[in-house]
$ cat my_file.cif   # mmCIF, C-alpha atoms
data_entry
loop_
_atom_site.label_atom_id
_atom_site.label_comp_id
_atom_site.auth_asym_id
_atom_site.auth_seq_id
_atom_site.Cartn_x
_atom_site.Cartn_y
_atom_site.Cartn_z
CA MET A 1454 116.46 102.56 109.01
CA LYS A 1455 115.66 101.77 112.61
CA ARG A 1456 113.15 104.37 113.50
CA LYS A 1457 112.83 106.30 116.70
CA SER A 1458 109.82 105.02 118.61
CA LEU A 1459 107.13 107.65 118.59
CA ASP A 1460 105.02 105.67 120.99
CA GLU A 1461 105.33 108.03 123.93
CA ALA A 1462 105.08 111.27 121.99
CA PHE A 1463 102.47 113.72 123.17
CA CYS A 1464 101.30 114.18 119.59
CA PRO A 1465 98.47 111.79 118.72
CA ILE A 1466 99.46 111.92 115.03
CA ALA A 1467 102.93 110.64 115.96
CA ARG A 1468 101.48 107.90 118.14
CA SER A 1469 99.15 106.81 115.37
CA LEU A 1470 102.05 106.65 112.93
CA ASP A 1471 104.01 104.58 115.41
CA GLN A 1472 101.33 101.91 115.05
CA VAL A 1473 100.21 102.26 111.43
CA GLY A 1474 102.91 104.42 109.85
CA ASP A 1475 104.21 101.82 107.42
CA TRP A 1476 102.57 101.47 104.03
CA TRP A 1477 101.77 97.78 104.56
CA SER A 1478 99.84 98.32 107.82
CA LEU A 1479 97.09 100.42 106.33
CA LEU A 1480 96.91 98.22 103.22
CA LEU A 1481 96.41 95.21 105.50
CA VAL A 1482 93.65 97.10 107.31
CA ARG A 1483 92.13 98.01 103.92
CA ASP A 1484 92.16 94.35 102.81
CA LEU A 1485 90.63 93.15 106.09
CA MET A 1486 87.90 95.80 105.76
CA ALA A 1487 87.22 94.59 102.23
CA GLY A 1488 86.57 91.06 103.49
CA LYS A 1489 89.92 89.26 103.29
CA ARG A 1490 90.51 87.13 106.40
CA ARG A 1491 93.07 84.48 105.41
CA PHE A 1492 96.84 84.69 105.41
CA SER A 1493 96.95 83.42 101.82
CA ASP A 1494 94.50 86.08 100.58
CA LEU A 1495 96.42 88.86 102.32
CA HIS A 1496 99.67 87.47 100.91
CA ASP A 1497 98.26 87.42 97.36
CA SER A 1498 96.95 90.96 97.73
CA LEU A 1499 100.07 92.60 99.14
CA GLY A 1500 102.77 90.60 97.38
CA ILE A 1501 105.24 90.73 100.28
CA ALA A 1502 107.26 87.75 101.56
CA ARG A 1503 105.45 85.36 103.89
CA ASN A 1504 107.80 85.96 106.82
CA MET A 1505 107.38 89.71 106.43
CA LEU A 1506 103.60 89.38 106.35
CA SER A 1507 103.75 87.23 109.50
CA ALA A 1508 105.79 89.87 111.30
CA ARG A 1509 103.40 92.62 110.21
CA LEU A 1510 100.35 90.69 111.39
CA LYS A 1511 102.02 90.04 114.77
CA ARG A 1512 102.75 93.74 115.16
CA LEU A 1513 99.13 94.69 114.37
CA ILE A 1514 97.92 92.04 116.85
CA ALA A 1515 100.25 93.48 119.52
CA CYS A 1516 98.76 96.94 118.85
CA GLU A 1517 95.24 95.44 119.17
CA ILE A 1518 94.34 96.61 115.67
CA ILE A 1519 93.62 93.09 114.46
CA ALA A 1520 92.92 89.82 116.30
CA PRO A 1521 93.34 86.18 115.29
CA CYS A 1522 90.04 84.37 115.07
CA PRO A 1523 88.73 80.90 114.15
CA ALA A 1524 88.18 80.12 110.47
CA ALA A 1525 84.68 80.95 109.22
CA ASP A 1526 84.43 77.46 107.67
CA GLY A 1527 85.13 75.67 110.96
CA SER A 1528 88.56 74.38 109.89
CA ALA A 1529 91.64 74.67 112.09
CA ARG A 1530 93.11 77.44 109.94
CA GLN A 1531 93.63 80.78 111.64
CA GLU A 1532 92.06 83.88 110.20
CA TYR A 1533 92.31 87.56 111.10
CA ALA A 1534 89.72 90.23 111.81
CA LEU A 1535 89.78 93.89 112.71
CA THR A 1536 89.14 94.92 116.31
CA PRO A 1537 87.01 98.01 117.07
CA LYS A 1538 90.27 99.98 117.18
CA GLY A 1539 91.17 98.64 113.72
CA ARG A 1540 87.73 99.31 112.26
CA ASP A 1541 87.99 102.88 113.52
CA LEU A 1542 90.84 103.39 111.03
CA PHE A 1543 88.19 103.57 108.32
CA THR A 1544 88.20 107.38 108.40
CA VAL A 1545 91.99 107.39 107.92
CA LEU A 1546 91.60 105.13 104.87
CA VAL A 1547 88.86 107.36 103.44
CA ALA A 1548 91.04 110.46 103.96
CA LEU A 1549 93.99 108.77 102.20
CA GLY A 1550 91.77 107.44 99.41
CA GLN A 1551 90.17 110.82 98.74
CA TRP A 1552 93.55 112.58 98.74
CA GLY A 1553 94.93 109.95 96.37
CA GLY A 1554 91.91 110.34 94.11
CA ARG A 1555 92.38 114.10 93.96
CA TRP A 1556 96.15 114.19 93.44
CA THR A 1557 97.41 110.90 92.02
CA SER A 1558 94.62 109.79 89.69
CA CYS A 1559 95.55 107.10 87.21
CA GLY A 1560 92.46 107.43 85.03
CA ASN A 1561 90.85 104.14 86.03
CA ASP A 1562 90.37 104.68 89.69
CA PHE A 1563 88.58 102.83 92.38
CA THR A 1564 86.16 105.26 93.98
CA LEU A 1565 84.49 105.10 97.39
CA VAL A 1566 80.74 105.01 96.81
CA GLU A 1567 77.62 104.64 98.90
CA GLN A 1568 76.45 101.03 98.59
CA ALA A 1569 72.75 101.95 98.32
CA THR A 1570 73.05 104.59 95.59
CA GLY A 1571 76.36 103.87 93.84
CA LEU A 1572 77.19 107.56 94.21
CA GLU A 1573 80.57 108.79 95.33
CA ILE A 1574 80.67 109.75 99.02
CA ALA A 1575 81.27 113.37 100.03
CA PRO A 1576 84.80 114.64 100.71
CA LEU A 1577 85.64 114.59 104.42
CA GLU A 1578 85.23 118.02 106.00
CA ILE A 1579 86.76 119.46 109.15
CA ARG A 1580 84.10 121.00 111.39
CA SER A 1581 83.88 122.79 114.73
CA SER A 1582 82.22 121.18 117.73
CA ASP A 1583 78.96 122.93 116.72
CA GLY A 1584 79.19 121.89 113.07
CA ARG A 1585 80.68 124.91 111.27
CA LYS A 1586 83.06 124.06 108.42
CA LEU A 1587 86.68 124.96 109.30
CA ALA A 1588 89.79 125.68 107.22
CA PRO A 1589 93.27 124.49 108.28
CA SER A 1590 94.03 128.10 109.26
CA ASP A 1591 91.21 127.96 111.85
CA ILE A 1592 92.86 125.11 113.76
CA ALA A 1593 95.66 124.83 116.32
CA PHE A 1594 97.17 122.21 118.57
CA ARG A 1595 96.53 122.61 122.28
CA ALA A 1596 98.60 120.79 124.89
CA GLY A 1597 96.63 118.81 127.45
CA ALA A 1598 93.34 117.04 126.75
CA GLU A 1599 91.19 118.41 129.54
CA GLY A 1600 89.22 121.64 129.68
CA GLY A 1601 87.98 123.92 126.93
CA GLY A 1602 88.32 127.59 126.05
CA ALA A 1603 92.00 127.98 126.89
CA ALA A 1604 94.21 129.79 124.38
CA PRO A 1605 95.88 127.42 121.89
CA GLU A 1606 99.61 127.00 122.41
CA SER A 1607 100.71 126.63 118.80
CA PRO A 1608 100.32 129.10 115.96
CA PRO A 1609 97.39 128.31 113.69
CA TYR A 1610 98.25 126.17 110.70
CA SER A 1611 97.93 129.18 108.41
CA ALA A 1612 101.40 130.21 109.54
CA ALA A 1613 102.83 127.39 107.48
CA CYS A 1614 100.46 127.47 104.59
CA ALA A 1615 101.20 130.87 103.08
CA MET B 1455 112.74 95.99 103.02
CA LYS B 1456 112.57 97.31 99.47
CA ARG B 1457 108.90 97.81 98.94
CA LYS B 1458 106.88 97.09 95.87
CA SER B 1459 105.98 100.38 94.19
CA LEU B 1460 102.28 101.00 94.58
CA ASP B 1461 102.44 104.00 92.31
CA GLU B 1462 100.43 102.51 89.46
CA ALA B 1463 97.86 100.70 91.58
CA PHE B 1464 94.24 101.42 90.77
CA CYS B 1465 93.52 101.91 94.46
CA PRO B 1466 93.90 105.56 95.50
CA ILE B 1467 94.71 104.49 99.07
CA ALA B 1468 97.67 102.49 97.75
CA ARG B 1469 98.84 105.37 95.59
CA SER B 1470 98.62 107.77 98.53
CA LEU B 1471 100.66 105.40 100.67
CA ASP B 1472 103.26 105.15 97.91
CA GLN B 1473 103.89 108.86 98.40
CA VAL B 1474 103.30 109.38 102.13
CA GLY B 1475 103.26 105.84 103.53
CA ASP B 1476 106.34 106.20 105.71
CA TRP B 1477 105.99 107.54 109.21
CA TRP B 1478 108.44 110.40 108.60
CA SER B 1479 106.59 111.81 105.55
CA LEU B 1480 103.45 112.73 107.41
CA LEU B 1481 105.41 114.02 110.39
CA LEU B 1482 107.34 116.29 108.04
CA VAL B 1483 104.03 117.50 106.59
CA ARG B 1484 102.76 118.04 110.15
CA ASP B 1485 105.83 120.11 111.07
CA LEU B 1486 105.59 122.21 107.89
CA MET B 1487 101.90 122.84 108.61
CA ALA B 1488 102.81 123.94 112.12
CA GLY B 1489 105.16 126.60 110.76
CA LYS B 1490 108.59 124.94 110.55
CA ARG B 1491 110.35 125.86 107.31
CA ARG B 1492 114.06 125.30 107.92
CA PHE B 1493 116.08 122.12 107.58
CA SER B 1494 117.52 122.60 111.07
CA ASP B 1495 114.06 122.96 112.67
CA LEU B 1496 112.77 119.85 110.89
CA HIS B 1497 115.93 118.00 111.92
CA ASP B 1498 115.48 118.99 115.57
CA SER B 1499 111.83 117.96 115.52
CA LEU B 1500 112.18 114.55 113.89
CA GLY B 1501 115.54 113.46 115.28
CA ILE B 1502 116.59 111.53 112.18
CA ALA B 1503 120.05 111.71 110.57
CA ARG B 1504 120.69 114.70 108.30
CA ASN B 1505 121.30 112.60 105.20
CA MET B 1506 118.08 110.70 105.80
CA LEU B 1507 116.14 113.95 106.22
CA SER B 1508 117.67 115.25 102.97
CA ALA B 1509 116.57 112.15 101.10
CA ARG B 1510 113.05 112.40 102.55
CA LEU B 1511 112.72 116.06 101.58
CA LYS B 1512 113.88 115.26 98.03
CA ARG B 1513 111.29 112.51 97.76
CA LEU B 1514 108.49 114.85 98.93
CA ILE B 1515 109.69 117.50 96.46
CA ALA B 1516 109.65 114.91 93.64
CA CYS B 1517 106.06 114.05 94.62
CA GLU B 1518 105.18 117.78 94.57
CA ILE B 1519 104.04 117.65 98.20
CA ILE B 1520 106.59 120.26 99.29
CA ALA B 1521 108.63 122.81 97.37
CA PRO B 1522 111.92 124.57 98.15
CA CYS B 1523 111.49 128.30 98.60
CA PRO B 1524 113.62 131.33 99.48
CA ALA B 1525 114.29 132.05 103.15
CA ALA B 1526 111.72 134.33 104.76
CA ASP B 1527 114.54 136.51 106.17
CA GLY B 1528 116.07 137.16 102.73
CA SER B 1529 119.21 135.09 103.42
CA ALA B 1530 120.55 132.55 100.92
CA ARG B 1531 119.37 129.63 103.05
CA GLN B 1532 116.81 127.32 101.48
CA GLU B 1533 113.51 126.69 103.21
CA TYR B 1534 110.61 124.39 102.48
CA ALA B 1535 106.87 124.94 102.16
CA LEU B 1536 103.87 122.79 101.42
CA THR B 1537 102.33 122.89 97.97
CA PRO B 1538 98.51 122.83 97.56
CA LYS B 1539 98.80 119.03 97.26
CA GLY B 1540 100.74 118.93 100.53
CA ARG B 1541 98.33 121.25 102.34
CA ASP B 1542 95.48 119.00 101.25
CA LEU B 1543 96.97 116.27 103.48
CA PHE B 1544 95.54 118.17 106.44
CA THR B 1545 92.46 115.93 106.54
CA VAL B 1546 94.70 112.84 106.65
CA LEU B 1547 96.59 114.33 109.62
CA VAL B 1548 93.35 115.17 111.41
CA ALA B 1549 92.06 111.61 110.84
CA LEU B 1550 95.30 110.14 112.22
CA GLY B 1551 95.34 112.58 115.14
CA GLN B 1552 91.75 111.85 116.13
CA TRP B 1553 92.29 108.09 115.89
CA GLY B 1554 95.45 108.42 117.99
CA GLY B 1555 93.59 110.52 120.53
CA ARG B 1556 90.84 107.91 120.85
CA TRP B 1557 93.00 104.78 120.99
CA THR B 1558 96.53 105.62 122.12
CA SER B 1559 96.03 108.41 124.65
CA CYS B 1560 99.01 109.16 126.86
CA GLY B 1561 97.12 111.35 129.34
CA ASN B 1562 98.76 114.61 128.34
CA ASP B 1563 97.69 114.88 124.78
CA PHE B 1564 97.89 117.53 122.19
CA THR B 1565 94.37 118.15 120.95
CA LEU B 1566 93.20 119.75 117.72
CA VAL B 1567 91.14 122.80 118.64
CA GLU B 1568 89.43 125.64 116.84
CA GLN B 1569 91.69 128.68 117.08
CA ALA B 1570 88.83 131.13 117.75
CA THR B 1571 87.13 129.21 120.56
CA GLY B 1572 89.81 126.88 121.94
CA LEU B 1573 87.26 124.05 121.69
CA GLU B 1574 88.14 120.64 120.34
CA ILE B 1575 87.06 120.18 116.70
CA ALA B 1576 84.39 117.62 115.82
CA PRO B 1577 85.35 114.06 114.88
CA LEU B 1578 85.52 113.58 111.10
CA GLU B 1579 82.36 111.96 109.75
CA ILE B 1580 81.79 110.04 106.54
CA ARG B 1581 78.79 111.39 104.64
CA SER B 1582 76.90 110.69 101.42
CA SER B 1583 76.94 113.12 98.50
CA ASP B 1584 73.74 114.67 99.90
CA GLY B 1585 75.04 114.91 103.47
CA ARG B 1586 73.65 111.85 105.26
CA LYS B 1587 76.00 110.28 107.83
CA LEU B 1588 77.28 106.87 106.64
CA ALA B 1589 78.71 103.84 108.44
CA PRO B 1590 81.59 101.77 106.99
CA SER B 1591 79.02 99.11 106.12
CA ASP B 1592 77.26 101.60 103.81
CA ILE B 1593 80.33 102.03 101.62
CA ALA B 1594 81.95 100.06 98.80
CA PHE B 1595 84.73 100.48 96.26
CA ARG B 1596 83.67 100.94 92.66
CA ALA B 1597 86.11 100.48 89.77
CA GLY B 1598 86.34 103.39 87.34
CA ALA B 1599 85.90 107.04 88.27
CA GLU B 1600 83.27 108.14 85.76
CA GLY B 1601 79.47 107.81 85.94
CA GLY B 1602 77.19 107.32 88.91
CA GLY B 1603 74.54 104.86 89.92
CA ALA B 1604 76.28 101.67 88.78
CA ALA B 1605 76.36 98.71 91.15
CA PRO B 1606 79.48 98.65 93.34
CA GLU B 1607 81.95 95.90 92.45
CA SER B 1608 83.23 95.07 95.91
CA PRO B 1609 81.31 93.77 98.90
CA PRO B 1610 80.43 96.49 101.39
CA TYR B 1611 82.93 96.90 104.17
CA SER B 1612 80.54 95.29 106.62
CA ALA B 1613 81.64 91.93 105.21
CA ALA B 1614 84.93 92.31 107.04
CA CYS B 1615 83.71 94.04 110.14
CA ALA B 1616 81.51 91.36 111.67
#
$ encode --input "my_file.cif" --output "C-alpha cells"
Amino acid sequence: MKRKSLDEAFCPIARSLDQVGDWWSLLLVRDLMAGKRRFSDLHDSLGIARNMLSARLKRLIACEIIAPCPAADGSARQEYALTPKGRDLFTVLVALGQWGGRWTSCGNDFTLVEQATGLEIAPLEIRSSDGRKLAPSDIAFRAGAEGGGAAPESPPYSAACA
Amino acid sequence: MKRKSLDEAFCPIARSLDQVGDWWSLLLVRDLMAGKRRFSDLHDSLGIARNMLSARLKRLIACEIIAPCPAADGSARQEYALTPKGRDLFTVLVALGQWGGRWTSCGNDFTLVEQATGLEIAPLEIRSSDGRKLAPSDIAFRAGAEGGGAAPESPPYSAACA
C-alpha cells in the first residue's frame, strides 16, 4: 500500500512514524546501536533483499537518521553510523523492547541491562516537568508548542481507556 | 514487500515491531487513546481505504491490542477499545512523540502536556533499577530473562555511537 505521507502532520507521533514507521527502520537503528556498521552485517541480521536494504539505508540517510562514513579499517568500503538524531531513538527502542518483554515474551528473552551491574534497567516512566509520576489519564495533547498553562485542547487519554 | 515474521525472535524489540511495526498500527492506538471508538472516526482520522482499515483492526484484535466492544450509545454498531496490552503502548507513543517534537518540528506542534497544569511533560529518561539516570553507553542486551548480575553478552551501545 502506498501510504499517505504524514510528514507535514501537526502530530509529532505521526511525523516520527513517517520517518521510522516501518519495522525495518527501527531494527536497522537497533543493529547500528549494537555496533553493526557494514552493509553485509546489516544484511545478515535483517535477512531482507540487498536492493531493499539499499533503499532503506538511503531513506534513513535522507532523514538524517544515519550517515555514510569511512570504513573503520581504512579500506574503501562504505560503512554507516547513527547521527545524533538517530542515536536519540534509543528511548523509542527501549520503550518498544520493554513493551515486548512484558507482552510478547518467548521465554528466552534478551533483556536490557545496565552494563556495570548486569541488572535489568527500570521501566520507563512518564513524569511531569517537576518529576511527579503521571498516568496516561493525566496527559493531554495541546496544539501549539509555545507557552505553558493554557487549557489542553484534547480530552485526557482516560476518555479512551475506560 | 512481504516481511519476514519477527514473531519468534528472541529480541523483544523485534517482537514488538512484528505486532505494531507498521505506521498505521500506532496511529490507530493513538486515536483510540484519544477517545475515538468508531470505525468511521478512525477512517476519517487515518484516511486509508475502508478494507485496509478493517484488515488492520483485525490484526490488532488478533494481537490482543484492541478488542471489539458494544457501542457506548446502546446501538448495534461495533466499536473498538484498547486492551491493557494496548494501553501499555502509551510509553511507546510518548517516546515517538517526544523524538518527533525534538527532530521533526513543524512549528505548530501538538505537545504532550499534563492535564492538571497544562505544562509539557518531562522527557522520558532511562534509569537503572535503583533510579540512577543512564546513558545509552551504560546499557547492553543480555540473553535470557532470569537471574541478575551476569555479564552482558553484547557490547554496550557506545560501540556503535562513536
$ resolve_selection --input "my_file.cif" --expression "the PyMOL selection byres ((chain B and resi 1494) around 12)" --output "PDB file with C-alpha atoms, keeping the file's coordinate frame"
ATOM      1  CA  ASP B1485     105.830 120.110 111.070  1.00  0.00           C
ATOM      2  CA  LYS B1490     108.590 124.940 110.550  1.00  0.00           C
ATOM      3  CA  ARG B1491     110.350 125.860 107.310  1.00  0.00           C
ATOM      4  CA  ARG B1492     114.060 125.300 107.920  1.00  0.00           C
ATOM      5  CA  PHE B1493     116.080 122.120 107.580  1.00  0.00           C
ATOM      6  CA  ASP B1495     114.060 122.960 112.670  1.00  0.00           C
ATOM      7  CA  LEU B1496     112.770 119.850 110.890  1.00  0.00           C
ATOM      8  CA  HIS B1497     115.930 118.000 111.920  1.00  0.00           C
ATOM      9  CA  ASP B1498     115.480 118.990 115.570  1.00  0.00           C
ATOM     10  CA  SER B1499     111.830 117.960 115.520  1.00  0.00           C
ATOM     11  CA  LEU B1500     112.180 114.550 113.890  1.00  0.00           C
ATOM     12  CA  GLY B1501     115.540 113.460 115.280  1.00  0.00           C
ATOM     13  CA  ILE B1502     116.590 111.530 112.180  1.00  0.00           C
ATOM     14  CA  ALA B1503     120.050 111.710 110.570  1.00  0.00           C
ATOM     15  CA  ARG B1504     120.690 114.700 108.300  1.00  0.00           C
ATOM     16  CA  LEU B1507     116.140 113.950 106.220  1.00  0.00           C
ATOM     17  CA  SER B1508     117.670 115.250 102.970  1.00  0.00           C
ATOM     18  CA  ARG B1531     119.370 129.630 103.050  1.00  0.00           C
ATOM     19  CA  GLN B1532     116.810 127.320 101.480  1.00  0.00           C
ATOM     20  CA  GLU B1533     113.510 126.690 103.210  1.00  0.00           C
ATOM     21  CA  TYR B1534     110.610 124.390 102.480  1.00  0.00           C
TER      22      TYR B1534
END
$ closest_residue --input "my_file.cif" --among "A:Gly1527, A:Gly1571, A:Gly1539, A:Pro1576" --to "chain B" --atoms "all atoms listed in the file"
A:Gly1571
$ resolve_selection --input "my_file.cif" --expression "the PyMOL selection byres ((chain A and resi 1574) around 9)" --output "list in words"
Thr1564, Leu1565, Val1566, Glu1567, Gly1571, Leu1572, Glu1573, Ala1575, Pro1576 and Leu1577 of chain A; Ile1580, Arg1581, Ser1582, Ser1583, Asp1584, Gly1585, Leu1588 and Ile1593 of chain B
$ atom_distance --input "my_file.cif" --atom1 "atom CA of Gln1473 of chain B" --atom2 "atom CA of Arg1509 of chain A"
20.1 Å
$ closest_residue --input "my_file.cif" --among "A:Leu1481, A:Cys1464, A:Ala1487, A:Gln1568" --to "Ala1596 of chain A" --atoms "all atoms listed in the file"
A:Cys1464
$ residues_around --input "my_file.cif" --residues "Gly1551 of chain B" --least-positions-apart "6" --cutoff "10 Å" --atoms "all atoms listed in the file" --output "ChimeraX atom specification"
/A:1464-1470,1545 /B:1545,1558,1564-1566
$ atom_distance --input "my_file.cif" --atom1 "atom CA of Ala1535 of chain B" --atom2 "atom CA of Val1483 of chain B"
9.1 Å
$ atom_distance --input "my_file.cif" --atom1 "atom CA of Ser1479 of chain B" --atom2 "atom CA of Arg1595 of chain A"
22.3 Å
